[in-house]
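Have a look at query_3.csv; it's CSV, C-alpha atoms:
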chain,number,residue,atom,x,y,z
O,146,GLU,CA,5.6,31.6,31.4
O,147,ARG,CA,4.1,28.2,30.7
O,148,ASP,CA,6.2,25.1,31.3
O,149,GLU,CA,7.5,23.4,28.0
O,150,GLY,CA,6.1,20.1,29.1
O,151,ALA,CA,2.7,21.6,29.6
O,152,VAL,CA,2.8,23.1,26.1
O,153,THR,CA,3.7,19.8,24.7
O,154,THR,CA,0.9,18.1,26.6
O,155,GLU,CA,-1.6,20.6,25.3
O,156,ILE,CA,-0.4,20.1,21.7
O,157,VAL,CA,-0.6,16.3,21.9
O,158,GLY,CA,-3.9,16.6,23.6
O,159,ASP,CA,-5.3,18.7,20.8
O,160,ILE,CA,-4.0,16.2,18.2
O,161,THR,CA,-5.8,13.4,20.1
O,162,LYS,CA,-9.0,15.4,20.2
O,163,GLU,CA,-8.7,15.9,16.4
O,164,MET,CA,-8.2,12.2,15.7
O,165,THR,CA,-11.2,11.2,17.9
O,166,LYS,CA,-13.7,13.9,17.1
O,167,ASP,CA,-15.5,11.7,14.5
O,168,ILE,CA,-16.1,9.1,17.2
O,169,VAL,CA,-17.6,11.7,19.5
O,170,GLY,CA,-19.7,13.1,16.6
O,171,GLY,CA,-20.8,9.8,15.3
O,172,LYS,CA,-19.3,10.4,11.9
O,173,LEU,CA,-17.1,8.4,9.5
O,174,PRO,CA,-13.5,9.5,9.6
O,175,TYR,CA,-13.5,10.5,5.9
O,176,THR,CA,-9.9,11.9,5.8
O,177,VAL,CA,-8.3,8.9,7.5
O,178,LEU,CA,-10.5,6.4,5.5
O,179,GLY,CA,-9.7,8.2,2.3
O,180,ALA,CA,-5.9,8.0,2.9
O,181,LEU,CA,-6.1,4.3,3.9
O,182,LEU,CA,-8.2,3.5,0.8
O,183,LEU,CA,-5.8,5.4,-1.4
O,184,VAL,CA,-2.9,3.3,-0.1
O,185,PHE,CA,-4.9,0.1,-0.4
O,186,VAL,CA,-5.9,0.8,-4.0
O,187,SER,CA,-2.2,1.3,-4.8
O,188,ASN,CA,-1.5,-2.0,-3.1
O,189,GLN,CA,-4.0,-3.9,-5.2
O,190,TRP,CA,-3.1,-2.1,-8.4
O,191,SER,CA,0.6,-2.7,-8.0
O,192,ARG,CA,0.3,-6.4,-7.2
O,193,ALA,CA,-2.2,-7.2,-10.1
O,194,LEU,CA,-0.4,-5.2,-12.8
O,195,VAL,CA,1.8,-8.2,-13.7
O,196,TYR,CA,-1.3,-10.0,-15.1
O,197,TYR,CA,-1.8,-7.4,-17.8
O,198,ILE,CA,1.8,-6.8,-19.0
O,199,ASN,CA,2.4,-10.4,-20.3
O,200,ASN,CA,1.2,-12.0,-23.5
O,201,PHE,CA,2.2,-15.4,-24.7
O,202,ASN,CA,-0.1,-15.5,-27.7
O,203,ILE,CA,1.7,-13.1,-30.1
O,204,PRO,CA,4.9,-13.4,-32.2
O,205,VAL,CA,8.1,-11.9,-31.0
O,206,SER,CA,8.8,-8.4,-32.4
O,207,PRO,CA,10.3,-5.1,-31.2
O,208,GLU,CA,6.8,-3.7,-30.8
O,209,ALA,CA,5.7,-6.7,-28.8
O,210,ALA,CA,8.8,-6.4,-26.6
O,211,HIS,CA,7.8,-2.8,-25.9
O,212,LEU,CA,4.4,-3.9,-24.7
O,213,TYR,CA,5.0,-7.2,-22.9
O,214,ALA,CA,7.5,-8.1,-20.2
O,215,ASN,CA,7.8,-11.8,-21.1
O,216,ILE,CA,8.8,-11.0,-24.7
O,217,ASP,CA,11.1,-8.1,-23.7
O,218,ILE,CA,12.9,-10.1,-20.9
O,219,GLY,CA,12.4,-13.5,-22.4
O,220,TYR,CA,10.8,-15.9,-20.0
O,221,ASN,CA,8.3,-18.7,-20.5
O,222,THR,CA,4.9,-19.6,-19.1
O,223,GLU,CA,6.4,-21.7,-16.3
O,224,GLN,CA,8.5,-18.8,-15.2
O,225,TYR,CA,5.5,-16.5,-15.5
O,226,SER,CA,3.4,-18.8,-13.2
O,227,ILE,CA,6.1,-18.4,-10.5
O,228,LEU,CA,6.3,-14.7,-11.0
O,229,ALA,CA,2.5,-14.2,-10.8
O,230,SER,CA,1.9,-16.6,-7.9
O,231,VAL,CA,4.5,-18.1,-5.5
O,232,GLY,CA,7.1,-15.5,-6.2
O,233,PHE,CA,4.8,-13.0,-4.6
O,234,THR,CA,2.6,-15.0,-2.2
O,235,SER,CA,5.5,-16.9,-0.5
O,236,ALA,CA,7.1,-13.6,0.5
O,237,PHE,CA,3.7,-12.1,1.5
O,238,ALA,CA,2.8,-15.1,3.6
O,239,LEU,CA,6.2,-15.1,5.3
O,240,ALA,CA,6.0,-11.5,6.2
O,241,SER,CA,2.4,-11.9,7.3
O,242,LEU,CA,3.6,-14.1,10.1
O,243,PHE,CA,5.3,-11.1,11.7
O,244,ALA,CA,3.0,-8.4,10.5
O,245,GLY,CA,0.8,-8.5,13.6
O,246,GLU,CA,3.7,-8.0,15.9
O,247,VAL,CA,5.0,-5.1,13.8
O,248,VAL,CA,1.6,-3.5,13.8
O,249,ALA,CA,1.2,-3.9,17.5
O,250,LYS,CA,4.6,-2.2,18.2
O,251,TYR,CA,4.9,0.6,15.7
O,252,ASP,CA,3.1,3.6,14.3
O,253,ARG,CA,0.4,2.3,12.0
O,254,GLY,CA,0.3,5.5,10.0
O,255,LYS,CA,4.0,5.3,9.3
O,256,ILE,CA,3.7,1.6,8.5
O,257,ASN,CA,1.3,2.4,5.7
O,258,SER,CA,3.4,5.2,4.3
O,259,VAL,CA,6.7,3.3,4.4
O,260,ALA,CA,5.1,0.1,3.0
O,261,ALA,CA,3.6,2.0,0.1
O,262,LEU,CA,6.8,3.7,-0.7
O,263,SER,CA,8.7,0.3,-0.5
O,264,TRP,CA,6.4,-1.6,-2.8
O,265,SER,CA,6.4,1.3,-5.2
O,266,ALA,CA,10.2,1.3,-5.2
O,267,ALA,CA,10.1,-2.5,-5.8
O,268,LEU,CA,7.7,-2.1,-8.7
O,269,ALA,CA,9.8,0.7,-10.2
O,270,LEU,CA,12.9,-1.5,-10.0
O,271,GLY,CA,11.0,-4.4,-11.5
O,272,SER,CA,10.0,-2.1,-14.4
O,273,LEU,CA,13.6,-1.5,-15.1
O,274,ALA,CA,14.6,-5.2,-14.9
O,275,THR,CA,16.5,-6.8,-17.7
O,276,THR,CA,16.5,-10.4,-16.4
O,277,PHE,CA,13.9,-12.8,-14.9
O,278,PRO,CA,15.7,-13.1,-11.5
O,279,GLN,CA,15.6,-9.3,-11.2
O,280,LEU,CA,11.9,-9.2,-11.9
O,281,LEU,CA,11.2,-12.1,-9.5
O,282,LEU,CA,13.2,-10.4,-6.8
O,283,SER,CA,11.1,-7.2,-7.2
O,284,ARG,CA,7.9,-9.2,-6.9
O,285,ALA,CA,9.1,-10.9,-3.7
O,286,ALA,CA,10.1,-7.4,-2.3
O,287,MET,CA,6.6,-6.2,-3.1
O,288,GLY,CA,5.1,-9.2,-1.2
O,289,LEU,CA,7.2,-8.4,1.8
O,290,ALA,CA,6.2,-4.7,1.8
O,291,MET,CA,2.5,-5.3,1.4
O,292,ALA,CA,2.0,-7.7,4.2
O,293,ALA,CA,1.5,-5.3,7.1
O,294,THR,CA,-0.8,-2.7,5.5
O,295,THR,CA,-4.1,-4.5,5.9
O,296,PRO,CA,-3.8,-5.3,9.6
O,297,ALA,CA,-2.5,-1.8,10.2
O,298,SER,CA,-5.4,-0.2,8.3
O,299,TYR,CA,-8.2,-2.3,9.9
O,300,THR,CA,-7.0,-1.7,13.4
O,301,LEU,CA,-6.4,2.0,12.8
O,302,LEU,CA,-9.9,2.4,11.4
O,303,ALA,CA,-11.4,0.6,14.4
O,304,GLU,CA,-9.9,3.2,16.7
O,305,VAL,CA,-11.0,6.3,14.9
O,306,THR,CA,-14.5,5.1,13.7
O,307,PRO,CA,-17.7,5.2,15.8
O,308,PRO,CA,-18.6,1.6,16.7
O,309,GLN,CA,-21.9,1.7,14.8
O,310,LEU,CA,-20.0,2.7,11.6
O,311,ILE,CA,-17.1,0.3,11.7
O,312,ALA,CA,-18.8,-2.1,9.3
O,313,THR,CA,-19.4,0.7,6.8
O,314,ALA,CA,-15.8,1.9,7.1
O,315,ASN,CA,-14.4,-1.6,6.6
O,316,SER,CA,-16.7,-2.1,3.6
O,317,ILE,CA,-15.5,1.1,2.0
O,318,PHE,CA,-11.9,0.2,2.7
O,319,SER,CA,-12.3,-3.3,1.3
O,320,SER,CA,-13.6,-1.8,-2.0
O,321,GLY,CA,-9.9,-1.0,-2.7
O,322,ILE,CA,-9.5,-4.6,-3.8
O,323,TYR,CA,-11.9,-4.2,-6.7
O,324,ILE,CA,-10.9,-0.6,-7.5
O,325,GLY,CA,-7.2,-1.5,-7.6
O,326,GLY,CA,-7.9,-4.7,-9.6
O,327,GLY,CA,-10.1,-2.7,-12.0
O,328,LEU,CA,-7.3,-0.1,-12.5
O,329,ALA,CA,-4.8,-2.9,-13.1
O,330,SER,CA,-7.0,-4.2,-15.9
O,331,LEU,CA,-7.3,-0.7,-17.4
O,332,SER,CA,-3.5,-0.5,-17.4
O,333,ILE,CA,-3.7,-2.4,-20.7
O,334,LEU,CA,-4.6,1.0,-22.2
O,335,LEU,CA,-1.6,2.6,-20.4
O,336,ASP,CA,0.6,-0.2,-21.7
O,337,GLU,CA,-0.5,0.4,-25.2
O,338,GLN,CA,0.6,4.1,-24.9
O,339,ILE,CA,3.9,3.9,-23.0
O,340,GLY,CA,4.8,0.2,-22.9
O,341,TRP,CA,5.0,-2.2,-20.0
O,342,ARG,CA,8.0,-0.5,-18.4
O,343,GLY,CA,6.3,2.9,-18.6
O,344,ALA,CA,3.1,1.5,-17.2
O,345,GLY,CA,5.0,0.0,-14.2
O,346,LEU,CA,6.8,3.2,-13.5
O,347,ALA,CA,3.6,5.2,-13.7
O,348,VAL,CA,1.8,2.9,-11.2
O,349,ALA,CA,4.9,3.1,-9.0
O,350,GLY,CA,4.8,6.8,-9.1
O,351,ILE,CA,1.1,6.8,-8.1
O,352,GLY,CA,2.0,4.5,-5.2
O,353,ALA,CA,4.7,6.9,-4.1
O,354,ALA,CA,2.2,9.8,-4.2
O,355,ALA,CA,-0.2,7.7,-2.1
O,356,ALA,CA,2.6,7.1,0.4
O,357,ALA,CA,3.2,10.9,0.6
O,358,VAL,CA,-0.5,11.7,1.1
O,359,SER,CA,-0.8,9.0,3.8
O,360,GLY,CA,2.3,10.3,5.5
O,361,LEU,CA,0.8,13.8,5.7
O,362,ILE,CA,-2.7,12.6,6.9
O,363,LEU,CA,-2.4,9.5,9.0
O,364,ARG,CA,-1.7,9.8,12.7
O,365,ASP,CA,-1.8,6.8,15.1
O,366,PRO,CA,-3.9,7.6,18.2
O,367,ARG,CA,-2.0,4.9,20.0
O,368,GLU,CA,1.3,6.6,19.4
O,369,ILE,CA,-0.2,10.0,20.3
O,370,SER,CA,-1.3,8.5,23.6
O,371,ARG,CA,2.1,7.1,24.3
O,372,ARG,CA,3.7,10.4,23.6
O,373,LEU,CA,1.3,12.1,25.9
O,374,ALA,CA,2.0,9.6,28.7
O,375,GLU,CA,5.7,10.0,28.3
O,376,THR,CA,5.4,13.8,28.4
O,377,GLU,CA,3.2,13.7,31.5
O,378,GLY,CA,5.6,11.1,33.1
O,379,GLY,CA,8.6,13.3,32.3
O,380,GLY,CA,6.9,16.4,33.7

Could you spell out this file's structure in structure tokens?
Amino acid sequence: ERDEGAVTTEIVGDITKEMTKDIVGGKLPYTVLGALLLVFVSNQWSRALVYYINNFNIPVSPEAAHLYANIDIGYNTEQYSILASVGFTSAFALASLFAGEVVAKYDRGKINSVAALSWSAALALGSLATTFPQLLLSRAAMGLAMAATTPASYTLLAEVTPPQLIATANSIFSSGIYIGGGLASLSILLDEQIGWRGAGLAVAGIGAAAAAVSGLILRDPREISRRLAETEGGG
């Protein structure tokens, strides 16, 4: 009978080969790239949605309150400027100071999945907010959750992509900024159908789905190597 440690080593070794086969074959890691891009699109869509669910140029009415957060909750342009800028960016900048250390220590696949689930939960809670402080808190939570995904994604891509294709992979991944921003602008159509709260919940649901997909697909070669070393050391 084969030793349990030997079986584990063989399994982990097979996973490592699977993750690095595209490097050997000189191909883009389409599955990993697709999962990372999906999460990044959700990231950009979720953060930019706020720009399209506010309108200060129409009279107050029940219909307008259904469509626009500022009318429904009742905040002014000064409060909106905080919500759309420093309310998010201050939390994002603070978390970014520690993002590199987090990415260096922990599984980058899990970081992407947990972060996407976290900002989606924050967006969903914000979509249920009834006061401005609640909405502002949800924006700050989104900023905290989103800070580590970009460094985690770029470093993970660099490890599973052939050197001559890293620039191409990074370019494809970066397109998520414009895809997500474009989808956020199109959310005006979603808003017209189901209101600002419904639009927020829908985008949050898509983000949660992206988290689930990335959780199933993404594996960190660095963590696999660590497990392999621990198995061999224990054996």

Atomic separation - CA of Leu289 in chain O relative to CA of Ala240 in chain O, Å: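 Taking CA of Ala240 in chain O and CA of Leu289 in chain O, their separation equals 5.5 Å.
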
Near-Tyr196 in chain O list (12 Å; all atoms listed in the file; drop same-chain fewer than 2 positions) as number ranges by chain: O: 189-194, 198-201, 213-215, 225-226, 228-230, 326-333, 336, 341, 345

Just to be explicit: take each residue in the selection above, keep C-alpha atoms, and write the result as a PDB file, in the frame of the given file.
ATOM      1  CA  GLN O 189      -4.000  -3.900  -5.200  1.00  0.00           C
ATOM      2  CA  TRP O 190      -3.100  -2.100  -8.400  1.00  0.00           C
ATOM      3  CA  SER O 191       0.600  -2.700  -8.000  1.00  0.00           C
ATOM      4  CA  ARG O 192       0.300  -6.400  -7.200  1.00  0.00           C
ATOM      5  CA  ALA O 193      -2.200  -7.200 -10.100  1.00  0.00           C
ATOM      6  CA  LEU O 194      -0.400  -5.200 -12.800  1.00  0.00           C
ATOM      7  CA  ILE O 198       1.800  -6.800 -19.000  1.00  0.00           C
ATOM      8  CA  ASN O 199       2.400 -10.400 -20.300  1.00  0.00           C
ATOM      9  CA  ASN O 200       1.200 -12.000 -23.500  1.00  0.00           C
ATOM     10  CA  PHE O 201       2.200 -15.400 -24.700  1.00  0.00           C
ATOM     11  CA  TYR O 213       5.000  -7.200 -22.900  1.00  0.00           C
ATOM     12  CA  ALA O 214       7.500  -8.100 -20.200  1.00  0.00           C
ATOM     13  CA  ASN O 215       7.800 -11.800 -21.100  1.00  0.00           C
ATOM     14  CA  TYR O 225       5.500 -16.500 -15.500  1.00  0.00           C
ATOM     15  CA  SER O 226       3.400 -18.800 -13.200  1.00  0.00           C
ATOM     16  CA  LEU O 228       6.300 -14.700 -11.000  1.00  0.00           C
ATOM     17  CA  ALA O 229       2.500 -14.200 -10.800  1.00  0.00           C
ATOM     18  CA  SER O 230       1.900 -16.600  -7.900  1.00  0.00           C
ATOM     19  CA  GLY O 326      -7.900  -4.700  -9.600  1.00  0.00           C
ATOM     20  CA  GLY O 327     -10.100  -2.700 -12.000  1.00  0.00           C
ATOM     21  CA  LEU O 328      -7.300  -0.100 -12.500  1.00  0.00           C
ATOM     22  CA  ALA O 329      -4.800  -2.900 -13.100  1.00  0.00           C
ATOM     23  CA  SER O 330      -7.000  -4.200 -15.900  1.00  0.00           C
ATOM     24  CA  LEU O 331      -7.300  -0.700 -17.400  1.00  0.00           C
ATOM     25  CA  SER O 332      -3.500  -0.500 -17.400  1.00  0.00           C
ATOM     26  CA  ILE O 333      -3.700  -2.400 -20.700  1.00  0.00           C
ATOM     27  CA  ASP O 336       0.600  -0.200 -21.700  1.00  0.00           C
ATOM     28  CA  TRP O 341       5.000  -2.200 -20.000  1.00  0.00           C
ATOM     29  CA  GLY O 345       5.000   0.000 -14.200  1.00  0.00           C
TER      30      GLY O 345
END

Top pick for closest residue to Leu183 in chain O, considering O:Phe233, O:Ser298, O:Leu334, O:Ala344 and counting all atoms listed in the file: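 Nearest candidate to Leu183 in chain O out of O:Phe233, O:Ser298, O:Leu334, O:Ala344: O:Ser298.
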
Among the residues O:Ser320, O:Thr306, O:Thr275, O:Thr294, the one that comes closest to Val184 in chain O [using all atoms listed in the file]: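 Of all the options, O:Thr294 lies closest to Val184 in chain O.
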
Expected residue set, 10 Å radius at (10.4, -10.4, -25.1), all atoms listed in the file, as a PyMOL selection string: chain O and resi 199-201+204-221

Residues within 12 Å of (4.3, 6.4, 7.7), file coords, only C-alpha atoms, listed as a PyMOL selection string: chain O and resi 180-181+184+248+251-263+294+297-298+353+355-365

Option closest in space to Ile324 in chain O, from O:Val186, O:Val177, O:Ala238, O:Ala354 [counting all atoms listed in the file]: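 Using all atoms listed in the file, Ile324 in chain O sits closest to O:Val186.
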
Length of the CA of Leu270 in chain O to CA of Gly179 in chain O vector [Å]: 27.5 Å

Computed interatomic separation between CA of Gly343 in chain O and CA of Ala286 in chain O (Å):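 A separation of 19.7 Å between them.
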
O:Pro296, O:Gly321, O:Ile339, O:Ala349 ranked by distance to Ala249 in chain O, top pick (using all atoms listed in the file):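 The shortest atom-to-atom distance to Ala249 in chain O comes from O:Pro296.
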
Among listed residues O:Phe237, O:Tyr197, O:Tyr323, O:Phe318, nearest Tyr299 in chain O (using all atoms listed in the file): O:Phe318

Contact residues around Ile317 in chain O with all atoms listed in the file at 10 Å, ignoring same-chain residues under 6 positions, as number ranges by chain: O: 178-179, 182, 311

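Each of O:Leu280, O:Ile203, O:Ala347, O:Ala293 was checked against Lys250 in chain O using all atoms listed in the file; the smallest atom-to-atom distance is that of O:Ala293.
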